[in-house]
file upload-v1.txt (compact mmCIF, N, CA and C atoms)
# COMPACT_ATOMS: atom_id res chain seq x y z
N MET C 1171 0.85 -1.17 0.00
CA MET C 1171 0.00 0.00 0.00
C MET C 1171 0.90 1.23 0.00
N LYS C 1172 0.58 2.18 -0.84
CA LYS C 1172 1.37 3.41 -0.95
C LYS C 1172 0.97 4.37 0.16
N ARG C 1173 1.98 4.99 0.76
CA ARG C 1173 1.75 5.99 1.80
C ARG C 1173 1.83 7.36 1.16
N ILE C 1174 0.90 8.24 1.48
CA ILE C 1174 0.85 9.58 0.92
C ILE C 1174 0.90 10.58 2.07
N ASP C 1175 1.93 11.41 2.08
CA ASP C 1175 2.10 12.41 3.13
C ASP C 1175 1.33 13.67 2.73
N LEU C 1176 0.35 14.05 3.53
CA LEU C 1176 -0.47 15.22 3.23
C LEU C 1176 0.23 16.53 3.56
N THR C 1177 1.37 16.47 4.23
CA THR C 1177 2.06 17.68 4.65
C THR C 1177 2.31 18.64 3.50
N SER C 1178 2.69 18.11 2.34
CA SER C 1178 3.04 18.97 1.21
C SER C 1178 1.84 19.28 0.31
N GLN C 1179 0.67 18.83 0.69
CA GLN C 1179 -0.53 19.07 -0.13
C GLN C 1179 -1.14 20.44 0.19
N GLU C 1180 -1.99 20.89 -0.72
CA GLU C 1180 -2.69 22.16 -0.51
C GLU C 1180 -3.57 22.06 0.73
N GLU C 1181 -3.82 23.21 1.32
CA GLU C 1181 -4.60 23.27 2.56
C GLU C 1181 -6.00 22.67 2.38
N ALA C 1182 -6.63 22.89 1.22
CA ALA C 1182 -7.98 22.38 0.98
C ALA C 1182 -7.99 20.85 1.04
N ILE C 1183 -6.95 20.23 0.54
CA ILE C 1183 -6.88 18.77 0.56
C ILE C 1183 -6.71 18.28 1.99
N LYS C 1184 -5.84 18.94 2.74
CA LYS C 1184 -5.65 18.57 4.15
C LYS C 1184 -6.99 18.68 4.90
N GLN C 1185 -7.69 19.79 4.69
CA GLN C 1185 -8.94 20.01 5.40
C GLN C 1185 -10.00 18.99 5.01
N PHE C 1186 -10.00 18.59 3.74
CA PHE C 1186 -10.94 17.57 3.30
C PHE C 1186 -10.75 16.28 4.10
N PHE C 1187 -9.51 15.82 4.20
CA PHE C 1187 -9.25 14.57 4.92
C PHE C 1187 -9.53 14.72 6.41
N LEU C 1188 -9.17 15.86 6.98
CA LEU C 1188 -9.41 16.07 8.40
C LEU C 1188 -10.90 16.17 8.72
N ALA C 1189 -11.70 16.59 7.74
CA ALA C 1189 -13.14 16.76 7.97
C ALA C 1189 -13.94 15.48 7.74
N LEU C 1190 -13.30 14.43 7.24
CA LEU C 1190 -14.04 13.18 7.00
C LEU C 1190 -14.57 12.64 8.32
N PRO C 1191 -15.82 12.20 8.34
CA PRO C 1191 -16.38 11.68 9.58
C PRO C 1191 -15.74 10.35 9.95
N PRO C 1192 -15.34 10.20 11.21
CA PRO C 1192 -14.74 8.92 11.62
C PRO C 1192 -15.80 7.82 11.60
N ASP C 1193 -15.45 6.70 11.06
CA ASP C 1193 -16.36 5.56 11.02
C ASP C 1193 -15.54 4.30 11.27
N PRO C 1194 -15.87 3.52 12.28
CA PRO C 1194 -15.08 2.33 12.58
C PRO C 1194 -15.08 1.31 11.43
N GLU C 1195 -16.07 1.39 10.55
CA GLU C 1195 -16.13 0.49 9.41
C GLU C 1195 -15.33 1.01 8.21
N GLY C 1196 -14.89 2.26 8.28
CA GLY C 1196 -14.18 2.87 7.17
C GLY C 1196 -15.14 3.64 6.28
N SER C 1197 -14.61 4.28 5.26
CA SER C 1197 -15.41 5.08 4.34
C SER C 1197 -14.94 4.85 2.91
N VAL C 1198 -15.84 5.16 1.99
CA VAL C 1198 -15.51 5.08 0.57
C VAL C 1198 -15.76 6.47 0.00
N VAL C 1199 -14.78 6.99 -0.75
CA VAL C 1199 -14.92 8.29 -1.39
C VAL C 1199 -15.30 8.06 -2.84
N GLU C 1200 -16.35 8.74 -3.28
CA GLU C 1200 -16.84 8.55 -4.65
C GLU C 1200 -16.79 9.86 -5.42
N LEU C 1201 -16.65 9.73 -6.74
CA LEU C 1201 -16.71 10.86 -7.65
C LEU C 1201 -17.57 10.45 -8.83
N ASN C 1202 -18.65 11.18 -9.04
CA ASN C 1202 -19.58 10.85 -10.12
C ASN C 1202 -20.07 9.40 -10.02
N GLY C 1203 -20.32 8.95 -8.80
CA GLY C 1203 -20.85 7.61 -8.59
C GLY C 1203 -19.82 6.49 -8.66
N LYS C 1204 -18.55 6.84 -8.87
CA LYS C 1204 -17.49 5.82 -8.95
C LYS C 1204 -16.59 5.93 -7.73
N VAL C 1205 -16.24 4.78 -7.17
CA VAL C 1205 -15.35 4.75 -6.01
C VAL C 1205 -13.94 5.14 -6.46
N VAL C 1206 -13.37 6.13 -5.76
CA VAL C 1206 -12.01 6.56 -6.09
C VAL C 1206 -11.03 6.32 -4.94
N ALA C 1207 -11.54 6.08 -3.73
CA ALA C 1207 -10.66 5.83 -2.60
C ALA C 1207 -11.41 5.09 -1.50
N ARG C 1208 -10.66 4.30 -0.76
CA ARG C 1208 -11.20 3.62 0.41
C ARG C 1208 -10.38 4.10 1.60
N ILE C 1209 -11.05 4.55 2.63
CA ILE C 1209 -10.37 5.06 3.82
C ILE C 1209 -10.72 4.14 4.97
N THR C 1210 -9.69 3.58 5.58
CA THR C 1210 -9.91 2.70 6.72
C THR C 1210 -9.34 3.36 7.97
N PRO C 1211 -10.00 3.17 9.09
CA PRO C 1211 -9.49 3.77 10.32
C PRO C 1211 -8.19 3.10 10.75
N VAL C 1212 -7.36 3.87 11.42
CA VAL C 1212 -6.12 3.32 11.93
C VAL C 1212 -6.45 2.50 13.16
N ASN C 1213 -6.03 1.27 13.13
CA ASN C 1213 -6.26 0.34 14.23
C ASN C 1213 -5.04 0.41 15.14
N ALA C 1214 -5.25 0.73 16.41
CA ALA C 1214 -4.13 0.87 17.34
C ALA C 1214 -3.32 -0.42 17.42
N ALA C 1215 -3.97 -1.56 17.39
CA ALA C 1215 -3.24 -2.84 17.45
C ALA C 1215 -2.39 -3.02 16.21
N ALA C 1216 -2.94 -2.67 15.06
CA ALA C 1216 -2.17 -2.80 13.82
C ALA C 1216 -1.00 -1.83 13.83
N ALA C 1217 -1.21 -0.62 14.33
CA ALA C 1217 -0.12 0.34 14.39
C ALA C 1217 0.99 -0.17 15.31
N ASP C 1218 0.62 -0.84 16.40
CA ASP C 1218 1.62 -1.42 17.30
C ASP C 1218 2.43 -2.50 16.61
N MET C 1219 1.82 -3.20 15.65
CA MET C 1219 2.53 -4.26 14.94
C MET C 1219 3.74 -3.71 14.18
N ARG C 1220 3.67 -2.44 13.77
CA ARG C 1220 4.80 -1.83 13.06
C ARG C 1220 6.01 -1.76 13.96
N GLN C 1221 5.77 -1.60 15.24
CA GLN C 1221 6.85 -1.38 16.18
C GLN C 1221 7.24 -2.66 16.94
N ASP C 1222 6.63 -3.79 16.56
CA ASP C 1222 6.84 -4.99 17.37
C ASP C 1222 8.25 -5.55 17.28
N GLY C 1223 9.03 -5.15 16.29
CA GLY C 1223 10.41 -5.58 16.18
C GLY C 1223 10.57 -7.06 15.87
N ALA C 1224 9.47 -7.76 15.69
CA ALA C 1224 9.54 -9.18 15.42
C ALA C 1224 10.11 -9.44 14.03
N VAL C 1225 10.82 -10.52 13.91
CA VAL C 1225 11.41 -10.91 12.64
C VAL C 1225 10.31 -11.42 11.71
N TRP C 1226 10.46 -11.12 10.43
CA TRP C 1226 9.51 -11.63 9.44
C TRP C 1226 9.60 -13.14 9.45
N ASN C 1227 8.43 -13.81 9.40
CA ASN C 1227 8.44 -15.27 9.45
C ASN C 1227 7.31 -15.84 8.59
N GLU C 1228 7.27 -17.14 8.49
CA GLU C 1228 6.27 -17.83 7.66
C GLU C 1228 4.84 -17.59 8.16
N LEU C 1229 4.68 -17.48 9.46
CA LEU C 1229 3.34 -17.24 10.03
C LEU C 1229 2.81 -15.88 9.57
N LYS C 1230 3.66 -14.86 9.63
CA LYS C 1230 3.25 -13.53 9.15
C LYS C 1230 2.96 -13.57 7.66
N ASN C 1231 3.81 -14.27 6.91
CA ASN C 1231 3.60 -14.33 5.46
C ASN C 1231 2.30 -15.06 5.13
N ALA C 1232 2.00 -16.13 5.85
CA ALA C 1232 0.75 -16.86 5.61
C ALA C 1232 -0.45 -15.96 5.89
N ARG C 1233 -0.38 -15.18 6.96
CA ARG C 1233 -1.47 -14.26 7.28
C ARG C 1233 -1.59 -13.19 6.20
N ARG C 1234 -0.46 -12.67 5.73
CA ARG C 1234 -0.47 -11.67 4.66
C ARG C 1234 -1.12 -12.24 3.41
N CYS C 1235 -0.77 -13.46 3.05
CA CYS C 1235 -1.35 -14.10 1.87
C CYS C 1235 -2.86 -14.29 2.04
N GLU C 1236 -3.27 -14.69 3.22
CA GLU C 1236 -4.70 -14.86 3.51
C GLU C 1236 -5.45 -13.55 3.33
N LEU C 1237 -4.87 -12.47 3.85
CA LEU C 1237 -5.51 -11.17 3.73
C LEU C 1237 -5.51 -10.66 2.29
N VAL C 1238 -4.46 -10.95 1.53
CA VAL C 1238 -4.44 -10.57 0.11
C VAL C 1238 -5.56 -11.29 -0.62
N ASP C 1239 -5.74 -12.57 -0.33
CA ASP C 1239 -6.82 -13.33 -0.96
C ASP C 1239 -8.18 -12.72 -0.63
N ARG C 1240 -8.37 -12.33 0.64
CA ARG C 1240 -9.64 -11.70 1.05
C ARG C 1240 -9.82 -10.35 0.35
N GLU C 1241 -8.73 -9.62 0.17
CA GLU C 1241 -8.82 -8.33 -0.53
C GLU C 1241 -9.24 -8.55 -1.99
N ILE C 1242 -8.67 -9.54 -2.63
CA ILE C 1242 -9.02 -9.85 -4.02
C ILE C 1242 -10.48 -10.26 -4.13
N LYS C 1243 -10.95 -11.03 -3.16
CA LYS C 1243 -12.35 -11.47 -3.16
C LYS C 1243 -13.32 -10.35 -2.79
N GLY C 1244 -12.78 -9.26 -2.24
CA GLY C 1244 -13.64 -8.15 -1.82
C GLY C 1244 -14.28 -8.36 -0.47
N THR C 1245 -13.71 -9.24 0.34
CA THR C 1245 -14.29 -9.53 1.66
C THR C 1245 -13.41 -9.03 2.81
N LEU C 1246 -12.43 -8.21 2.50
CA LEU C 1246 -11.51 -7.71 3.51
C LEU C 1246 -12.21 -6.66 4.38
N LEU C 1247 -12.15 -6.84 5.69
CA LEU C 1247 -12.74 -5.91 6.64
C LEU C 1247 -11.78 -4.75 6.89
N PRO C 1248 -12.28 -3.61 7.36
CA PRO C 1248 -11.41 -2.47 7.60
C PRO C 1248 -10.22 -2.76 8.52
N ASP C 1249 -10.45 -3.47 9.62
CA ASP C 1249 -9.34 -3.81 10.51
C ASP C 1249 -8.32 -4.70 9.81
N GLU C 1250 -8.81 -5.59 8.96
CA GLU C 1250 -7.92 -6.47 8.22
C GLU C 1250 -7.12 -5.68 7.19
N ALA C 1251 -7.72 -4.65 6.60
CA ALA C 1251 -7.00 -3.81 5.63
C ALA C 1251 -5.83 -3.11 6.31
N ALA C 1252 -6.06 -2.64 7.53
CA ALA C 1252 -4.99 -2.00 8.29
C ALA C 1252 -3.90 -3.02 8.63
N GLU C 1253 -4.32 -4.21 9.01
CA GLU C 1253 -3.35 -5.27 9.32
C GLU C 1253 -2.55 -5.64 8.08
N LEU C 1254 -3.22 -5.74 6.94
CA LEU C 1254 -2.54 -6.07 5.69
C LEU C 1254 -1.52 -5.00 5.34
N SER C 1255 -1.88 -3.76 5.53
CA SER C 1255 -0.95 -2.67 5.24
C SER C 1255 0.33 -2.81 6.06
N VAL C 1256 0.18 -3.11 7.33
CA VAL C 1256 1.33 -3.28 8.21
C VAL C 1256 2.16 -4.48 7.77
N LEU C 1257 1.51 -5.60 7.48
CA LEU C 1257 2.23 -6.80 7.05
C LEU C 1257 2.95 -6.57 5.73
N GLN C 1258 2.33 -5.83 4.82
CA GLN C 1258 2.97 -5.51 3.54
C GLN C 1258 4.24 -4.69 3.78
N GLN C 1259 4.15 -3.71 4.67
CA GLN C 1259 5.31 -2.87 4.99
C GLN C 1259 6.43 -3.71 5.60
N GLN C 1260 6.06 -4.61 6.50
CA GLN C 1260 7.06 -5.46 7.13
C GLN C 1260 7.72 -6.40 6.11
N MET C 1261 6.90 -6.95 5.21
CA MET C 1261 7.44 -7.85 4.18
C MET C 1261 8.41 -7.10 3.27
N LEU C 1262 8.03 -5.89 2.86
CA LEU C 1262 8.90 -5.11 1.98
C LEU C 1262 10.19 -4.71 2.68
N ALA C 1263 10.10 -4.39 3.96
CA ALA C 1263 11.31 -4.06 4.73
C ALA C 1263 12.23 -5.27 4.80
N GLU C 1264 11.66 -6.44 4.99
CA GLU C 1264 12.46 -7.67 5.03
C GLU C 1264 13.09 -7.95 3.67
N ARG C 1265 12.34 -7.73 2.61
CA ARG C 1265 12.88 -7.94 1.26
C ARG C 1265 14.04 -6.97 1.00
N ARG C 1266 13.87 -5.72 1.40
CA ARG C 1266 14.96 -4.75 1.22
C ARG C 1266 16.19 -5.14 2.04
N ARG C 1267 15.96 -5.70 3.21
CA ARG C 1267 17.07 -6.13 4.06
C ARG C 1267 17.83 -7.30 3.42
N LEU C 1268 17.08 -8.26 2.89
CA LEU C 1268 17.69 -9.47 2.33
C LEU C 1268 18.24 -9.27 0.92
N ALA C 1269 17.57 -8.46 0.13
CA ALA C 1269 17.96 -8.28 -1.27
C ALA C 1269 17.83 -6.82 -1.68
N PRO C 1270 18.73 -5.98 -1.17
CA PRO C 1270 18.63 -4.56 -1.52
C PRO C 1270 18.86 -4.34 -3.01
N VAL C 1271 18.15 -3.40 -3.56
CA VAL C 1271 18.30 -3.08 -4.97
C VAL C 1271 19.64 -2.36 -5.15
N PRO C 1272 20.45 -2.82 -6.11
CA PRO C 1272 21.77 -2.19 -6.32
C PRO C 1272 21.63 -0.84 -7.03
N LEU C 1273 21.23 0.17 -6.29
CA LEU C 1273 20.94 1.48 -6.87
C LEU C 1273 22.16 2.13 -7.50
N ASP C 1274 23.34 1.94 -6.92
CA ASP C 1274 24.54 2.56 -7.49
C ASP C 1274 24.79 2.04 -8.90
N ASP C 1275 24.64 0.72 -9.09
CA ASP C 1275 24.82 0.14 -10.42
C ASP C 1275 23.77 0.69 -11.39
N LEU C 1276 22.54 0.81 -10.92
CA LEU C 1276 21.48 1.33 -11.77
C LEU C 1276 21.72 2.79 -12.14
N ARG C 1277 22.22 3.56 -11.18
CA ARG C 1277 22.52 4.97 -11.48
C ARG C 1277 23.62 5.10 -12.52
N ARG C 1278 24.68 4.27 -12.40
CA ARG C 1278 25.76 4.30 -13.39
C ARG C 1278 25.24 3.93 -14.78
N LEU C 1279 24.41 2.90 -14.85
CA LEU C 1279 23.84 2.49 -16.13
C LEU C 1279 22.97 3.61 -16.70
N HIS C 1280 22.18 4.24 -15.85
CA HIS C 1280 21.33 5.34 -16.29
C HIS C 1280 22.18 6.47 -16.88
N GLN C 1281 23.27 6.83 -16.21
CA GLN C 1281 24.15 7.88 -16.71
C GLN C 1281 24.77 7.50 -18.06
N LYS C 1282 25.17 6.25 -18.21
CA LYS C 1282 25.73 5.79 -19.49
C LYS C 1282 24.69 5.90 -20.59
N LEU C 1283 23.47 5.49 -20.30
CA LEU C 1283 22.41 5.56 -21.30
C LEU C 1283 22.07 7.00 -21.66
N LEU C 1284 22.05 7.88 -20.67
CA LEU C 1284 21.81 9.29 -20.95
C LEU C 1284 22.91 9.87 -21.83
N ALA C 1285 24.16 9.53 -21.54
CA ALA C 1285 25.28 10.02 -22.34
C ALA C 1285 25.19 9.49 -23.77
N LYS C 1286 24.84 8.22 -23.90
CA LYS C 1286 24.70 7.63 -25.24
C LYS C 1286 23.57 8.31 -26.01
N ALA C 1287 22.47 8.57 -25.36
CA ALA C 1287 21.34 9.24 -26.01
C ALA C 1287 21.75 10.65 -26.44
N GLN C 1288 22.52 11.33 -25.60
CA GLN C 1288 22.99 12.68 -25.94
C GLN C 1288 23.91 12.63 -27.16
N ARG C 1289 24.83 11.65 -27.18
CA ARG C 1289 25.72 11.52 -28.34
C ARG C 1289 24.94 11.23 -29.61
N MET C 1290 23.94 10.37 -29.51
CA MET C 1290 23.13 10.02 -30.68
C MET C 1290 22.34 11.24 -31.18
N SER C 1291 21.84 12.05 -30.26
CA SER C 1291 21.09 13.22 -30.68
C SER C 1291 21.99 14.28 -31.31
N ASN C 1292 23.29 14.23 -30.98
CA ASN C 1292 24.24 15.15 -31.59
C ASN C 1292 24.84 14.59 -32.88
N GLY C 1293 24.41 13.40 -33.27
CA GLY C 1293 24.91 12.79 -34.50
C GLY C 1293 26.17 12.00 -34.32
N ASN C 1294 26.62 11.83 -33.09
CA ASN C 1294 27.82 11.02 -32.81
C ASN C 1294 27.40 9.67 -32.30
N LEU C 1295 28.03 8.66 -32.80
CA LEU C 1295 27.73 7.32 -32.31
C LEU C 1295 28.88 6.89 -31.46

call {"tool": "encode", "arguments": {"input": "upload-v1.txt", "output": "structure tokens"}}
result
Amino acid sequence: MKRIDLTSQEEAIKQFFLALPPDPEGSVVELNGKVVARITPVNAAAADMRQDGAVWNELKNARRCELVDREIKGTLLPDEAAELSVLQQQMLAERRRLAPVPLDDLRRLHQKLLAKAQRMSNGNL
């Protein structure tokens, strides 16, 4: 799940989100009759899971997979959506720890490709 920081948003957007009525079941935002966003309340227990310091394990992954399946089926409850968000973040953190993306190599390749494109646009191969 993507995190969006409202700090840099316009004041009207901040006020819109702050003015949404709290609902333990969550809310759906619609535009012209079409759902454009789902807002789920922050579950204190789920928020605590972020700080639990526990190592990623098969039990957490099995629960994450179960919740993903429920999300696909459209049967995910608001509390479960919050739990899934936390588990997704933990899984991604574990993946970054175990297999970090070699950004320095990618940056060097990007610079080489940019230089090559510049040479080609100048008629030099």

call {"tool": "select_by_dssp", "arguments": {"input": "upload-v1.txt", "residues": "chain C", "states": "helix (DSSP H, G or I)", "output": "PyMOL selection string"}}
result
chain C and resi 1176-1178+1181-1189+1214-1220+1228-1243+1248-1268+1273-1291

call {"tool": "axis_aligned_box", "arguments": {"input": "upload-v1.txt", "around": "stretch 1181-1197 of chain C", "padding_each_side": "5 Å", "output": "lines of an AutoDock Vina configuration file"}}
result
center_x = -10.1
center_y = 11.9
center_z = 6.6
size_x = 22.6
size_y = 32.8
size_z = 22.0

call {"tool": "select_by_dssp", "arguments": {"input": "upload-v1.txt", "residues": "chain C", "states": "strand (DSSP E)", "output": "PyMOL selection string"}}
result
chain C and resi 1197-1201+1204-1209

call {"tool": "closest_residue", "arguments": {"input": "upload-v1.txt", "among": "C:Ala1285, C:Leu1176, C:Asp1274, C:Gln1259", "to": "C:Leu1188", "atoms": "only C-alpha atoms"}}
result
C:Leu1176

call {"tool": "residues_around", "arguments": {"input": "upload-v1.txt", "residues": "C:Arg1233", "least_positions_apart": "6", "cutoff": "8 Å", "atoms": "only N, CA and C atoms", "output": "JSON, numbers by chain"}}
result
{"C": [1227, 1239, 1253, 1254, 1257]}

call {"tool": "write_last_selection", "arguments": {"input": "upload-v1.txt", "atoms": "N, CA and C atoms", "output": "short mmCIF file (atom, residue, chain, number, x, y, z; two decimals), in the frame of the given file"}}
result
data_model
loop_
_atom_site.label_atom_id
_atom_site.label_comp_id
_atom_site.auth_asym_id
_atom_site.auth_seq_id
_atom_site.Cartn_x
_atom_site.Cartn_y
_atom_site.Cartn_z
N ASN C 1227 8.43 -13.81 9.40
CA ASN C 1227 8.44 -15.27 9.45
C ASN C 1227 7.31 -15.84 8.59
N ASP C 1239 -5.74 -12.57 -0.33
CA ASP C 1239 -6.82 -13.33 -0.96
C ASP C 1239 -8.18 -12.72 -0.63
N GLU C 1253 -4.32 -4.21 9.01
CA GLU C 1253 -3.35 -5.27 9.32
C GLU C 1253 -2.55 -5.64 8.08
N LEU C 1254 -3.22 -5.74 6.94
CA LEU C 1254 -2.54 -6.07 5.69
C LEU C 1254 -1.52 -5.00 5.34
N LEU C 1257 1.51 -5.60 7.48
CA LEU C 1257 2.23 -6.80 7.05
C LEU C 1257 2.95 -6.57 5.73
#

call {"tool": "residues_around", "arguments": {"input": "upload-v1.txt", "residues": "C:Pro1248", "least_positions_apart": "2", "cutoff": "8 Å", "atoms": "only N, CA and C atoms", "output": "PyMOL selection string"}}
result
chain C and resi 1194-1197+1209-1213+1245-1246+1250-1254

call {"tool": "atom_distance", "arguments": {"input": "upload-v1.txt", "atom1": "atom CA of C:Leu1276", "atom2": "atom CA of C:Ser1291"}}
result
22.3 Å

call {"tool": "atom_distance", "arguments": {"input": "upload-v1.txt", "atom1": "atom N of C:Glu1241", "atom2": "atom N of C:Pro1192"}}
result
23.6 Å

call {"tool": "atom_distance", "arguments": {"input": "upload-v1.txt", "atom1": "atom C of C:Val1199", "atom2": "atom N of C:Arg1234"}}
result
26.9 Å

call {"tool": "residues_around", "arguments": {"input": "upload-v1.txt", "residues": "C:Gln1260", "least_positions_apart": "5", "cutoff": "9 Å", "atoms": "only C-alpha atoms", "output": "ChimeraX atom specification"}}
result
/C:1220,1225-1226,1255,1265

call {"tool": "decode", "arguments": {"input": "upload-v1.txt", "residues": "stretch 1181-1200 of chain C", "atoms": "N, CA, C and O atoms", "output": "PDB file, in the first residue's frame"}}
result
ATOM      1  N   GLU C1181      -3.820  23.212   1.323  1.00  0.00           N
ATOM      2  CA  GLU C1181      -4.604  23.272   2.558  1.00  0.00           C
ATOM      3  C   GLU C1181      -6.003  22.672   2.377  1.00  0.00           C
ATOM      4  O   GLU C1181      -6.524  22.007   3.268  1.00  0.00           O
ATOM      5  N   ALA C1182      -6.627  22.895   1.220  1.00  0.00           N
ATOM      6  CA  ALA C1182      -7.978  22.376   0.976  1.00  0.00           C
ATOM      7  C   ALA C1182      -7.994  20.849   1.035  1.00  0.00           C
ATOM      8  O   ALA C1182      -8.936  20.248   1.553  1.00  0.00           O
ATOM      9  N   ILE C1183      -6.949  20.234   0.536  1.00  0.00           N
ATOM     10  CA  ILE C1183      -6.876  18.766   0.561  1.00  0.00           C
ATOM     11  C   ILE C1183      -6.710  18.284   1.993  1.00  0.00           C
ATOM     12  O   ILE C1183      -7.374  17.336   2.426  1.00  0.00           O
ATOM     13  N   LYS C1184      -5.840  18.942   2.744  1.00  0.00           N
ATOM     14  CA  LYS C1184      -5.654  18.570   4.152  1.00  0.00           C
ATOM     15  C   LYS C1184      -6.985  18.680   4.905  1.00  0.00           C
ATOM     16  O   LYS C1184      -7.356  17.772   5.654  1.00  0.00           O
ATOM     17  N   GLN C1185      -7.687  19.794   4.691  1.00  0.00           N
ATOM     18  CA  GLN C1185      -8.938  20.014   5.399  1.00  0.00           C
ATOM     19  C   GLN C1185      -9.996  18.990   5.008  1.00  0.00           C
ATOM     20  O   GLN C1185     -10.797  18.572   5.836  1.00  0.00           O
ATOM     21  N   PHE C1186     -10.000  18.593   3.740  1.00  0.00           N
ATOM     22  CA  PHE C1186     -10.943  17.565   3.295  1.00  0.00           C
ATOM     23  C   PHE C1186     -10.747  16.285   4.104  1.00  0.00           C
ATOM     24  O   PHE C1186     -11.696  15.731   4.651  1.00  0.00           O
ATOM     25  N   PHE C1187      -9.509  15.818   4.203  1.00  0.00           N
ATOM     26  CA  PHE C1187      -9.255  14.574   4.924  1.00  0.00           C
ATOM     27  C   PHE C1187      -9.531  14.724   6.414  1.00  0.00           C
ATOM     28  O   PHE C1187     -10.077  13.817   7.041  1.00  0.00           O
ATOM     29  N   LEU C1188      -9.172  15.856   6.975  1.00  0.00           N
ATOM     30  CA  LEU C1188      -9.412  16.067   8.402  1.00  0.00           C
ATOM     31  C   LEU C1188     -10.901  16.168   8.723  1.00  0.00           C
ATOM     32  O   LEU C1188     -11.325  15.858   9.838  1.00  0.00           O
ATOM     33  N   ALA C1189     -11.699  16.588   7.744  1.00  0.00           N
ATOM     34  CA  ALA C1189     -13.139  16.760   7.972  1.00  0.00           C
ATOM     35  C   ALA C1189     -13.943  15.479   7.744  1.00  0.00           C
ATOM     36  O   ALA C1189     -15.129  15.440   8.054  1.00  0.00           O
ATOM     37  N   LEU C1190     -13.302  14.427   7.235  1.00  0.00           N
ATOM     38  CA  LEU C1190     -14.045  13.183   7.002  1.00  0.00           C
ATOM     39  C   LEU C1190     -14.572  12.645   8.323  1.00  0.00           C
ATOM     40  O   LEU C1190     -13.858  12.617   9.325  1.00  0.00           O
ATOM     41  N   PRO C1191     -15.824  12.202   8.337  1.00  0.00           N
ATOM     42  CA  PRO C1191     -16.380  11.684   9.585  1.00  0.00           C
ATOM     43  C   PRO C1191     -15.741  10.347   9.950  1.00  0.00           C
ATOM     44  O   PRO C1191     -15.584   9.475   9.095  1.00  0.00           O
ATOM     45  N   PRO C1192     -15.338  10.197  11.211  1.00  0.00           N
ATOM     46  CA  PRO C1192     -14.745   8.924  11.618  1.00  0.00           C
ATOM     47  C   PRO C1192     -15.805   7.821  11.605  1.00  0.00           C
ATOM     48  O   PRO C1192     -16.926   8.035  12.052  1.00  0.00           O
ATOM     49  N   ASP C1193     -15.451   6.697  11.062  1.00  0.00           N
ATOM     50  CA  ASP C1193     -16.364   5.555  11.023  1.00  0.00           C
ATOM     51  C   ASP C1193     -15.545   4.299  11.266  1.00  0.00           C
ATOM     52  O   ASP C1193     -14.594   4.028  10.530  1.00  0.00           O
ATOM     53  N   PRO C1194     -15.869   3.520  12.279  1.00  0.00           N
ATOM     54  CA  PRO C1194     -15.079   2.326  12.577  1.00  0.00           C
ATOM     55  C   PRO C1194     -15.080   1.314  11.434  1.00  0.00           C
ATOM     56  O   PRO C1194     -14.195   0.481  11.331  1.00  0.00           O
ATOM     57  N   GLU C1195     -16.066   1.393  10.552  1.00  0.00           N
ATOM     58  CA  GLU C1195     -16.128   0.490   9.406  1.00  0.00           C
ATOM     59  C   GLU C1195     -15.333   1.010   8.208  1.00  0.00           C
ATOM     60  O   GLU C1195     -15.156   0.317   7.228  1.00  0.00           O
ATOM     61  N   GLY C1196     -14.885   2.263   8.282  1.00  0.00           N
ATOM     62  CA  GLY C1196     -14.179   2.875   7.169  1.00  0.00           C
ATOM     63  C   GLY C1196     -15.143   3.642   6.279  1.00  0.00           C
ATOM     64  O   GLY C1196     -16.349   3.677   6.525  1.00  0.00           O
ATOM     65  N   SER C1197     -14.607   4.277   5.262  1.00  0.00           N
ATOM     66  CA  SER C1197     -15.410   5.078   4.342  1.00  0.00           C
ATOM     67  C   SER C1197     -14.941   4.850   2.914  1.00  0.00           C
ATOM     68  O   SER C1197     -13.816   4.447   2.679  1.00  0.00           O
ATOM     69  N   VAL C1198     -15.835   5.157   1.990  1.00  0.00           N
ATOM     70  CA  VAL C1198     -15.515   5.084   0.572  1.00  0.00           C
ATOM     71  C   VAL C1198     -15.755   6.471  -0.003  1.00  0.00           C
ATOM     72  O   VAL C1198     -16.791   7.081   0.247  1.00  0.00           O
ATOM     73  N   VAL C1199     -14.782   6.985  -0.748  1.00  0.00           N
ATOM     74  CA  VAL C1199     -14.919   8.294  -1.386  1.00  0.00           C
ATOM     75  C   VAL C1199     -15.301   8.058  -2.843  1.00  0.00           C
ATOM     76  O   VAL C1199     -14.655   7.269  -3.533  1.00  0.00           O
ATOM     77  N   GLU C1200     -16.350   8.741  -3.282  1.00  0.00           N
ATOM     78  CA  GLU C1200     -16.845   8.551  -4.646  1.00  0.00           C
ATOM     79  C   GLU C1200     -16.788   9.857  -5.422  1.00  0.00           C
ATOM     80  O   GLU C1200     -16.882  10.936  -4.852  1.00  0.00           O
TER      81      GLU C1200
END
